[in-house]
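Trainee: This is the structure I want to talk about, given as C-alpha cells.
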Amino acid sequence: KLAGLVIAVKDVLQLKDHKTTCSSNILKNFTSIYTATAVQKLIDEDAIIIGKTNCDEFAMGSS
C-alpha cells in the first residue's frame with residue numbers, strides 16, 4: 001500500500017470529472033469521463049492525487 005503518499009500526475013493521464021488538456025488549446029474545455037488505469041491503481045493503493053502537472057503539448061516534447 002502507498003498509504004497516503006501524495007502524488008501529482010501528468011496532464012495526459014485521465015482523472016474522472018477533472019480537466020485533461022494535454023497542454024493543448026484544442027482540449028482546454030475537455031473533462032475526463034473515466035480515470036486512467038495507471039491513476040486508478042495508485043488510488044486503489046491509497047495514494048492521494050493532489051493535482052496535475054504540466055507537460056509539452058500531447059507529451060510530445062522533452063520535459
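Chain labels follow the order of the C-alpha cells: the first chain is A, the next B, and so on; residue numbering restarts at 1 in every chain, and ligands are counted from 1 in their shown order.
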Taking the DSSP secondary structure from the backbone, can you list the residues of chain A that are strand (DSSP E or B), as JSON, numbers by chain?
Mentor: {"A": [6, 7, 8, 9, 10, 19, 31, 48, 49, 50, 51, 52, 53]}
Trainee: Can you pull out every residue from range 7-48 of chain A that DSSP, working from the backbone, puts in alpha helix (DSSP H), and format the result as a list in words?
Mentor: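 Alpha helix (DSSP H) members of range 7-48 of chain A, listed: Thr37, Ala38, Val39, Gln40, Lys41, Leu42, Ile43 and Asp44 of chain A.
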Trainee: Tell me which protein, DNA and RNA residues are within 7 Å of Ser23 in chain A, counting only C-alpha atoms, leaving out same-chain ones fewer than 5 positions away, and put them as a PyMOL selection string.
Mentor: chain A and resi 54-58
Trainee: Would you output that residue set with C-alpha atoms, as a compact mmCIF listing (two decimals), in the first residue's frame?
Mentor:
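So the final result, stored in again_5.txt, reads:
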# COMPACT_ATOMS: atom_id res chain seq x y z
CA ASN A 54 2.10 20.34 -16.92
CA CYS A 55 3.80 18.86 -19.95
CA ASP A 56 4.61 19.71 -23.54
CA GLU A 57 1.59 19.58 -25.83
CA PHE A 58 0.37 15.97 -26.03
Trainee: Please list as a PyMOL selection string every residue within 9 Å of Ile48 in chain A, counting only C-alpha atoms and excluding residues in the same chain fewer than 5 positions away.
Mentor: chain A and resi 2-8+42-43
Trainee: For a quick check of understanding, using only C-alpha atoms, which of A:Met60, A:Asn29, A:Tyr34, A:Lys1 has the smallest distance to Asp17 in chain A?
Mentor: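 Among the listed residues, the smallest separation from Asp17 in chain A belongs to A:Tyr34.
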Trainee: Go through A:Leu15, A:Leu27, A:Cys22, A:Ala59 one by one, measure the shortest atom-to-atom distance of each to Lys41 in chain A using only C-alpha atoms, and give the residue with the smallest value.
Mentor: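 Closest residue, counting only C-alpha atoms: A:Leu15.
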Trainee: Could you tell me which of A:Ser62, A:Asn25, A:Thr53, A:Gln14 comes closest to Val39 in chain A if we count only C-alpha atoms?
Mentor: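 Between A:Ser62, A:Asn25, A:Thr53, A:Gln14, the residue approaching Val39 in chain A most closely is A:Gln14.
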Trainee: If I take CA of Gly51 in chain A and CA of Lys16 in chain A, how far is one from the other in Å, to one decimal?
Mentor: 12.4 Å
